[in-house]
Structures are given as structure tokens and as C-alpha cells.
Amino acid sequence: MINRNRHLLRLSDWNEERILETVAIAMRLKKEIKAGQPSDRFHGQTIGMFFEKPSLRTITTFQVGIHQLGGMPVLLAPDSIGLGKRESVPDVARCLSRWVNALVVRCFKQELVEQLAEYGSIPVINALTDDFHPCQALSFAQMMTEQYGSLKGKTVAFIGDGNNVANSLLTLASKVGMNFTLACPKGFEQPKFVVDQALDGLKKHGTQYRVFNNPEDAVKDADILYSDVWVSMGQEGEKDTKQSHFLPFQINDALLAKAPAHCKVTHCLPAHRGEEITDSVMDGDRNLSFEEAENRLHAQKAILWQVMTPTSDFGK
Ligand code: CP
Ligand code: NVA
């Protein structure tokens, strides 16, 4: 049986208290490193990093963050390991558990991170799968807390594909009491199991999940617009079909003008400028994408802190 608090496999495994505590840890670690007071919490610890898909932000910020906390990242080479081909996933998990203290994994199938957690004996962090991107959602939560003061009651309007990032943001919203709006072309909604999982939390908080097939209705009452690529990693073959459906779902000045004046914009990045978002919005003063990207560093240190501390004692 997997102890889901010891891992971050998907955000639905963590409760509101743990999520908010992680954001608080992230904010404190950010303040401390900026004040020149680094922690050596992970002194003598090594953390394996297995990335099957490309990355700039996640692979860099995990390595920098581990270094900032006194630990050592070890980059694992997927082609050389041949997970599931050269060697079974359970055996790889068993071996890695004897050498490193935690594992950060970016891969296609969600089942792979689940399996590594099941058969290994070290914390596993989901650094993006086809289904979820919890590290992104927690970095967003930190950015929103910093920029808006709190998460409660805020409305995020995700304009685009019902994808892994949208799934983790919906899960976050259901946990912390935000409203989540999706605007997507028909047929590109989020999977039912993700929505079903979120409904209880949304009901408990009295917050809303809405889906529109036009972006104008979705932005009307939004506090923040969220953008992501139309074609996620691994879906490159669907590029031509997808792009024609998504053209009306671009975040541009005209769409932003229909949102409330205080509404800002963020993007998980990488941005495909001229597709899902325009240069003018990316370079405009309502864009918080780079604040969110900065927080990848601190939110992920906080995630590691949480999963590598059996009972988190941070700040106590
Ligand atoms: N947003 C994000 O995860 O970026 P990378 O794919 O560059 O890691
Ligand atoms: N949905 C995107 C997110 C990239 C960070 C993808 O999976 O490619």
C-alpha cells in the first residue's frame, strides 16, 4: 500500500492543509535564499532525476533547488536504463531505492510514477505525466498567494486543452477553495475521472467548475487566465488537427479586454507565442508567467522538504 503523503504522485493525494503548508514552506525558503540564508536540510542526500520528456524549467529548478538545500541531484539517463525494456520497473525501483533518497520523474504514463512508488521505498515526485503536473499547480498556488494574498474564492479560467496542467489546476482548486473554469473546443474537455475526483472538494468549499466552448464567456469573471500549449509533449502527431480547433482560444489583447480589469494572465511555459498566446500579452504588464516560473524553484524545494520529512516539522 502506497503512503501517498510520502510521495507527490498527483495533487488529489494531498489534503488542503498539506498543500497550504507546502506553499508556506516555499515562500519561506524563497525569502531565506534571497536573504542569503540557505538551508542544508538535504546535506548528504542524493536525489535521482529521471526525465523521459524534454524540460527546461523542471529539470533546472529541481537540480538548483536540491543544490540550494545541500543535496546532490543525480541525472538518470532513460535511454541507458531502458525502463521496462532492459529491466523491469519494479527491479529498477528496488535498485534506485538503495542508492538515492528520492526520485523525481517526468514520464508519459501516470502508471509509471505509481509503480515506482509502489515497488521502491523512497519518495517519488511526479514532475509531469500525460495526466498531471502537480509541481506546476503548487508553483501557481505560491504565485497566486504572493500576488493576490490568498487562494480562497479566486477564479482561474484555463483557456485551452483539458490537459495535464488543467487537471492539476482543477485538483488544486477543489482542494483549496478556488473556482475553476475551462474554455476549450468541444471534445477537448478534461477526463471524467479528474472532474469526478474534484467534485467533492468543490462542493465542500462551495466553489464552481464550469466548462465553456468559447473563451469570451469564460474570462468574464476570472481573476487569472491560464494558458498552456495546445499540443502537449507526446501528442505531436495531432498538431495539425488540434491547431485548427484551438485558433479561437488564443489569449490576446481582445480576449483580455473582455476580462475584469484586475485579471492577470499566466502560462506554465514553454509558450508558443502567436499560437495559444500573443507576444503582446506575454510581454505585457498583466503577465505573471515568469513569477510562476521563478516559483518552480521554491515550490519544488518545499515538495522535497515535505516528502523527505516523515512528519514535516518545518517552522515548528
Ligand atoms: N512548465 C514546465 O514544466 O516547463 P518544462 O517543460 O520546461 O520543465
Ligand atoms: N501540457 C504541456 C505542459 C508543458 C509543461 C505538456 O505536457 O507538454
# chains A, B, ... in the order shown; residues from 1 in each chain; ligands from 1
>>> residues_around(residues="Ala26 of chain A", least_positions_apart="5", cutoff="9 Å", atoms="only C-alpha atoms", output="short mmCIF file (atom, residue, chain, number, x, y, z; two decimals) with C-alpha atoms, in the first residue's frame")
data_model
loop_
_atom_site.label_atom_id
_atom_site.label_comp_id
_atom_site.auth_asym_id
_atom_site.auth_seq_id
_atom_site.Cartn_x
_atom_site.Cartn_y
_atom_site.Cartn_z
CA GLU A 21 1.74 24.15 4.32
CA LYS A 31 12.71 34.52 1.41
CA SER A 139 4.10 26.86 -8.09
CA GLN A 142 2.55 30.09 -4.44
CA ASN A 295 8.50 29.76 -8.01
CA LEU A 297 12.47 26.55 -7.76
CA HIS A 298 10.98 27.20 -4.34
CA ALA A 299 7.77 25.18 -4.61
CA GLN A 300 9.76 22.09 -5.61
CA LYS A 301 12.19 22.55 -2.71
CA ALA A 302 9.12 22.66 -0.48
CA ILE A 303 7.72 19.49 -2.10
#
>>> closest_atom_pairs(of="chain A", to="ligand 2", cutoff="6 Å", atoms="only C-alpha atoms and all ligand atoms", output="tab-separated table")
residue	atom	partner	partner_atom_place_in_ligand_line	distance
A:Asn163	CA	ligand 2	1 (N)	5.8
A:Asn164	CA	ligand 2	1 (N)	5.6
A:Val165	CA	ligand 2	1 (N)	5.6
A:Val229	CA	ligand 2	2 (C)	5.9
A:Ser232	CA	ligand 2	8 (O)	3.4
A:Met233	CA	ligand 2	8 (O)	3.8
A:Cys268	CA	ligand 2	5 (C)	5.9
A:Leu269	CA	ligand 2	5 (C)	5.9
>>> closest_atom_pairs(of="segment 218-285 of chain A", to="segment 180-201 of chain A", cutoff="8 Å", atoms="only C-alpha atoms", output="CSV")
residue,atom,partner,partner_atom,distance
A:Ala218,CA,A:Ala183,CA,6.0
A:His245,CA,A:Pro185,CA,6.3
A:Phe246,CA,A:Pro185,CA,6.5
A:Phe249,CA,A:Cys184,CA,7.0
>>> residues_near_ligand(ligand="ligand 1", cutoff="7 Å", atoms="only C-alpha atoms and all ligand atoms", output="JSON, numbers by chain")
{"A": [54, 55, 56, 57, 58, 59, 128, 136, 268, 269, 270]}
>>> residues_around(residues="segment 253-267 of chain A", least_positions_apart="2", cutoff="7 Å", atoms="only C-alpha atoms", output="number ranges by chain")
A: 216, 219-228, 251, 269, 271, 281, 286-289
>>> atom_distance(atom1="atom CA of Met27 of chain A", atom2="atom CA of Phe290 of chain A")
15.9 Å
>>> atom_distance(atom1="atom CA of Ala141 of chain A", atom2="atom CA of Gln68 of chain A")
21.5 Å
>>> closest_residue(among="A:Thr129, A:Gln45, A:Gln115, A:Thr145", to="Pro90 of chain A", atoms="only C-alpha atoms")
A:Gln115
>>> residues_around(residues="Leu151 of chain A", least_positions_apart="4", cutoff="7 Å", atoms="only C-alpha atoms", output="PyMOL selection string")
chain A and resi 144-145+176+178
>>> write_last_selection(atoms="N, CA, C and O atoms", output="PDB file, in the first residue's frame")
ATOM      1  N   MET A 144       0.002  32.779  -6.804  1.00  0.00           N
ATOM      2  CA  MET A 144      -1.295  33.401  -6.518  1.00  0.00           C
ATOM      3  C   MET A 144      -1.329  33.946  -5.100  1.00  0.00           C
ATOM      4  O   MET A 144      -1.873  35.030  -4.850  1.00  0.00           O
ATOM      5  N   THR A 145      -0.776  33.184  -4.165  1.00  0.00           N
ATOM      6  CA  THR A 145      -0.765  33.635  -2.764  1.00  0.00           C
ATOM      7  C   THR A 145       0.057  34.910  -2.648  1.00  0.00           C
ATOM      8  O   THR A 145      -0.339  35.865  -1.967  1.00  0.00           O
ATOM      9  N   VAL A 176      -8.379  23.750  -2.379  1.00  0.00           N
ATOM     10  CA  VAL A 176      -8.146  24.980  -1.608  1.00  0.00           C
ATOM     11  C   VAL A 176      -9.285  25.998  -1.720  1.00  0.00           C
ATOM     12  O   VAL A 176      -9.185  27.086  -1.165  1.00  0.00           O
ATOM     13  N   MET A 178     -10.957  27.263  -4.738  1.00  0.00           N
ATOM     14  CA  MET A 178     -10.980  28.191  -5.864  1.00  0.00           C
ATOM     15  C   MET A 178     -12.074  27.751  -6.834  1.00  0.00           C
ATOM     16  O   MET A 178     -12.506  26.596  -6.803  1.00  0.00           O
TER      17      MET A 178
END
>>> select_by_dssp(residues="segment 63-294 of chain A", states="alpha helix (DSSP H)", output="VMD selection string")
chain A and resid 63 to 68 78 to 81 89 to 97 110 to 119 134 to 148 164 to 176 192 to 205 215 to 219 239 to 246 253 to 257 279 to 282 289 to 294
>>> atom_distance(atom1="atom CA of Ser168 of chain A", atom2="atom CA of His133 of chain A")
5.7 Å
>>> closest_residue(among="A:Leu96, A:Met143, A:Met308, A:Glu32", to="Gly71 of chain A", atoms="only C-alpha atoms")
A:Met308
>>> residues_around(residues="Gly44 of chain A", least_positions_apart="6", cutoff="10 Å", atoms="only C-alpha atoms", output="list in words")
Gly70, Gly71, Met72 and Asn101 of chain A
>>> select_by_dssp(residues="segment 263-308 of chain A", states="strand (DSSP E or B)", output="list of chain:residue names")
A:Lys264, A:Val265, A:Thr266, A:His267, A:Arg273, A:Ile277, A:Asn287
>>> closest_residue(among="A:Thr22, A:Leu304, A:Glu16, A:Arg4", to="Ile47 of chain A", atoms="only C-alpha atoms")
A:Leu304
>>> residues_around(residues="Asn126 of chain A", least_positions_apart="4", cutoff="8 Å", atoms="only C-alpha atoms", output="PDB file with all heavy atoms, in the first residue's frame")
ATOM      1  N   LEU A   8       4.642  12.671  -4.093  1.00  0.00           N
ATOM      2  CA  LEU A   8       3.692  13.564  -4.746  1.00  0.00           C
ATOM      3  C   LEU A   8       3.429  12.967  -6.124  1.00  0.00           C
ATOM      4  O   LEU A   8       4.127  13.255  -7.097  1.00  0.00           O
ATOM      5  CB  LEU A   8       4.204  15.008  -4.858  1.00  0.00           C
ATOM      6  CG  LEU A   8       3.213  15.945  -5.559  1.00  0.00           C
ATOM      7  CD1 LEU A   8       1.845  15.957  -4.875  1.00  0.00           C
ATOM      8  CD2 LEU A   8       3.756  17.363  -5.658  1.00  0.00           C
ATOM      9  N   LEU A   9       2.434  12.091  -6.183  1.00  0.00           N
ATOM     10  CA  LEU A   9       2.115  11.391  -7.426  1.00  0.00           C
ATOM     11  C   LEU A   9       1.047  12.157  -8.198  1.00  0.00           C
ATOM     12  O   LEU A   9       1.064  12.225  -9.417  1.00  0.00           O
ATOM     13  CB  LEU A   9       1.656   9.973  -7.130  1.00  0.00           C
ATOM     14  CG  LEU A   9       2.698   9.127  -6.338  1.00  0.00           C
ATOM     15  CD1 LEU A   9       2.135   7.756  -5.993  1.00  0.00           C
ATOM     16  CD2 LEU A   9       3.995   8.990  -7.135  1.00  0.00           C
ATOM     17  N   ARG A  10       0.099  12.737  -7.446  1.00  0.00           N
ATOM     18  CA  ARG A  10      -0.947  13.609  -8.014  1.00  0.00           C
ATOM     19  C   ARG A  10      -1.485  14.412  -6.841  1.00  0.00           C
ATOM     20  O   ARG A  10      -1.494  13.924  -5.693  1.00  0.00           O
ATOM     21  CB  ARG A  10      -2.046  12.784  -8.690  1.00  0.00           C
ATOM     22  CG  ARG A  10      -2.413  11.584  -7.876  1.00  0.00           C
ATOM     23  CD  ARG A  10      -3.480  10.711  -8.426  1.00  0.00           C
ATOM     24  NE  ARG A  10      -4.021  10.026  -7.249  1.00  0.00           N
ATOM     25  CZ  ARG A  10      -4.704   8.924  -7.264  1.00  0.00           C
ATOM     26  NH1 ARG A  10      -4.997   8.344  -8.392  1.00  0.00           N
ATOM     27  NH2 ARG A  10      -5.142   8.389  -6.147  1.00  0.00           N
ATOM     28  N   VAL A 104      12.727  11.982  -8.735  1.00  0.00           N
ATOM     29  CA  VAL A 104      11.884  12.950  -9.440  1.00  0.00           C
ATOM     30  C   VAL A 104      11.685  12.392 -10.853  1.00  0.00           C
ATOM     31  O   VAL A 104      12.673  12.103 -11.542  1.00  0.00           O
ATOM     32  CB  VAL A 104      12.584  14.329  -9.495  1.00  0.00           C
ATOM     33  CG1 VAL A 104      11.777  15.314 -10.346  1.00  0.00           C
ATOM     34  CG2 VAL A 104      12.808  14.879  -8.090  1.00  0.00           C
ATOM     35  N   VAL A 105      10.434  12.252 -11.285  1.00  0.00           N
ATOM     36  CA  VAL A 105      10.172  11.525 -12.530  1.00  0.00           C
ATOM     37  C   VAL A 105       9.257  12.313 -13.468  1.00  0.00           C
ATOM     38  O   VAL A 105       8.161  12.725 -13.079  1.00  0.00           O
ATOM     39  CB  VAL A 105       9.504  10.151 -12.231  1.00  0.00           C
ATOM     40  CG1 VAL A 105       9.237   9.384 -13.526  1.00  0.00           C
ATOM     41  CG2 VAL A 105      10.379   9.329 -11.301  1.00  0.00           C
ATOM     42  N   ARG A 106       9.714  12.529 -14.696  1.00  0.00           N
ATOM     43  CA  ARG A 106       8.861  13.068 -15.767  1.00  0.00           C
ATOM     44  C   ARG A 106       8.717  11.973 -16.808  1.00  0.00           C
ATOM     45  O   ARG A 106       9.716  11.515 -17.385  1.00  0.00           O
ATOM     46  CB  ARG A 106       9.461  14.331 -16.382  1.00  0.00           C
ATOM     47  CG  ARG A 106       8.728  14.764 -17.639  1.00  0.00           C
ATOM     48  CD  ARG A 106       9.134  16.121 -18.139  1.00  0.00           C
ATOM     49  NE  ARG A 106       8.571  17.164 -17.306  1.00  0.00           N
ATOM     50  CZ  ARG A 106       8.480  18.447 -17.658  1.00  0.00           C
ATOM     51  NH1 ARG A 106       8.913  18.846 -18.851  1.00  0.00           N
ATOM     52  NH2 ARG A 106       7.953  19.344 -16.845  1.00  0.00           N
ATOM     53  N   VAL A 113       4.842   6.417 -12.545  1.00  0.00           N
ATOM     54  CA  VAL A 113       5.206   7.013 -11.246  1.00  0.00           C
ATOM     55  C   VAL A 113       4.556   6.234 -10.106  1.00  0.00           C
ATOM     56  O   VAL A 113       5.151   6.055  -9.037  1.00  0.00           O
ATOM     57  CB  VAL A 113       4.879   8.534 -11.148  1.00  0.00           C
ATOM     58  CG1 VAL A 113       5.775   9.364 -12.024  1.00  0.00           C
ATOM     59  CG2 VAL A 113       3.434   8.838 -11.426  1.00  0.00           C
ATOM     60  N   PHE A 132      -1.026  14.560 -15.261  1.00  0.00           N
ATOM     61  CA  PHE A 132      -0.934  15.566 -14.196  1.00  0.00           C
ATOM     62  C   PHE A 132       0.401  16.307 -14.210  1.00  0.00           C
ATOM     63  O   PHE A 132       1.425  15.776 -14.677  1.00  0.00           O
ATOM     64  CB  PHE A 132      -1.103  14.897 -12.816  1.00  0.00           C
ATOM     65  CG  PHE A 132      -2.443  14.245 -12.617  1.00  0.00           C
ATOM     66  CD1 PHE A 132      -2.567  12.857 -12.551  1.00  0.00           C
ATOM     67  CD2 PHE A 132      -3.598  15.008 -12.504  1.00  0.00           C
ATOM     68  CE1 PHE A 132      -3.809  12.249 -12.384  1.00  0.00           C
ATOM     69  CE2 PHE A 132      -4.841  14.411 -12.334  1.00  0.00           C
ATOM     70  CZ  PHE A 132      -4.939  13.026 -12.274  1.00  0.00           C
ATOM     71  N   HIS A 133       0.373  17.512 -13.605  1.00  0.00           N
ATOM     72  CA  HIS A 133       1.602  18.290 -13.401  1.00  0.00           C
ATOM     73  C   HIS A 133       1.491  18.991 -12.031  1.00  0.00           C
ATOM     74  O   HIS A 133       1.323  20.222 -11.958  1.00  0.00           O
ATOM     75  CB  HIS A 133       1.772  19.298 -14.542  1.00  0.00           C
ATOM     76  CG  HIS A 133       3.161  19.841 -14.682  1.00  0.00           C
ATOM     77  ND1 HIS A 133       4.204  19.505 -13.835  1.00  0.00           N
ATOM     78  CD2 HIS A 133       3.691  20.731 -15.579  1.00  0.00           C
ATOM     79  CE1 HIS A 133       5.299  20.149 -14.201  1.00  0.00           C
ATOM     80  NE2 HIS A 133       5.020  20.886 -15.253  1.00  0.00           N
ATOM     81  N   PRO A 134       1.581  18.238 -10.954  1.00  0.00           N
ATOM     82  CA  PRO A 134       1.348  18.824  -9.623  1.00  0.00           C
ATOM     83  C   PRO A 134       2.370  19.880  -9.224  1.00  0.00           C
ATOM     84  O   PRO A 134       2.030  20.826  -8.503  1.00  0.00           O
ATOM     85  CB  PRO A 134       1.411  17.610  -8.672  1.00  0.00           C
ATOM     86  CG  PRO A 134       2.124  16.537  -9.428  1.00  0.00           C
ATOM     87  CD  PRO A 134       1.828  16.781 -10.879  1.00  0.00           C
ATOM     88  N   CYS A 135       3.620  19.760  -9.678  1.00  0.00           N
ATOM     89  CA  CYS A 135       4.644  20.757  -9.326  1.00  0.00           C
ATOM     90  C   CYS A 135       4.259  22.119  -9.897  1.00  0.00           C
ATOM     91  O   CYS A 135       4.474  23.156  -9.271  1.00  0.00           O
ATOM     92  CB  CYS A 135       6.013  20.346  -9.873  1.00  0.00           C
ATOM     93  SG  CYS A 135       6.646  18.841  -9.140  1.00  0.00           S
TER      94      CYS A 135
END
>>> closest_residue(among="A:Leu247, A:Leu103, A:Leu20, A:Ala35", to="Lys152 of chain A", atoms="only C-alpha atoms")
A:Leu20
>>> residues_around(residues="segment 81-86 of chain A", least_positions_apart="2", cutoff="12 Å", atoms="only C-alpha atoms", output="PyMOL selection string")
chain A and resi 50-52+75-79+88-93+95-96+107+112-113+115-116
>>> write_last_selection(atoms="C-alpha atoms", output="short mmCIF file (atom, residue, chain, number, x, y, z; two decimals), in the first residue's frame")
data_model
loop_
_atom_site.label_atom_id
_atom_site.label_comp_id
_atom_site.auth_asym_id
_atom_site.auth_seq_id
_atom_site.Cartn_x
_atom_site.Cartn_y
_atom_site.Cartn_z
CA PHE A 50 14.50 10.53 -14.47
CA PHE A 51 13.15 12.58 -17.41
CA GLU A 52 11.61 10.77 -20.40
CA LEU A 75 20.57 12.75 -13.54
CA LEU A 76 19.46 9.33 -14.74
CA ALA A 77 19.55 8.53 -18.46
CA PRO A 78 16.29 6.98 -19.71
CA ASP A 79 17.87 5.55 -22.90
CA SER A 88 11.53 -4.35 -15.13
CA VAL A 89 10.14 -1.25 -13.44
CA PRO A 90 9.93 -2.94 -10.00
CA ASP A 91 13.59 -4.03 -10.16
CA VAL A 92 14.76 -0.57 -11.20
CA ALA A 93 12.70 0.92 -8.34
CA CYS A 95 17.80 -0.75 -7.00
CA LEU A 96 17.37 3.03 -7.05
CA CYS A 107 7.29 10.42 -17.99
CA LEU A 112 4.88 4.57 -14.15
CA VAL A 113 5.21 7.01 -11.25
CA GLN A 115 4.62 1.77 -9.98
CA LEU A 116 7.96 3.33 -8.97
#
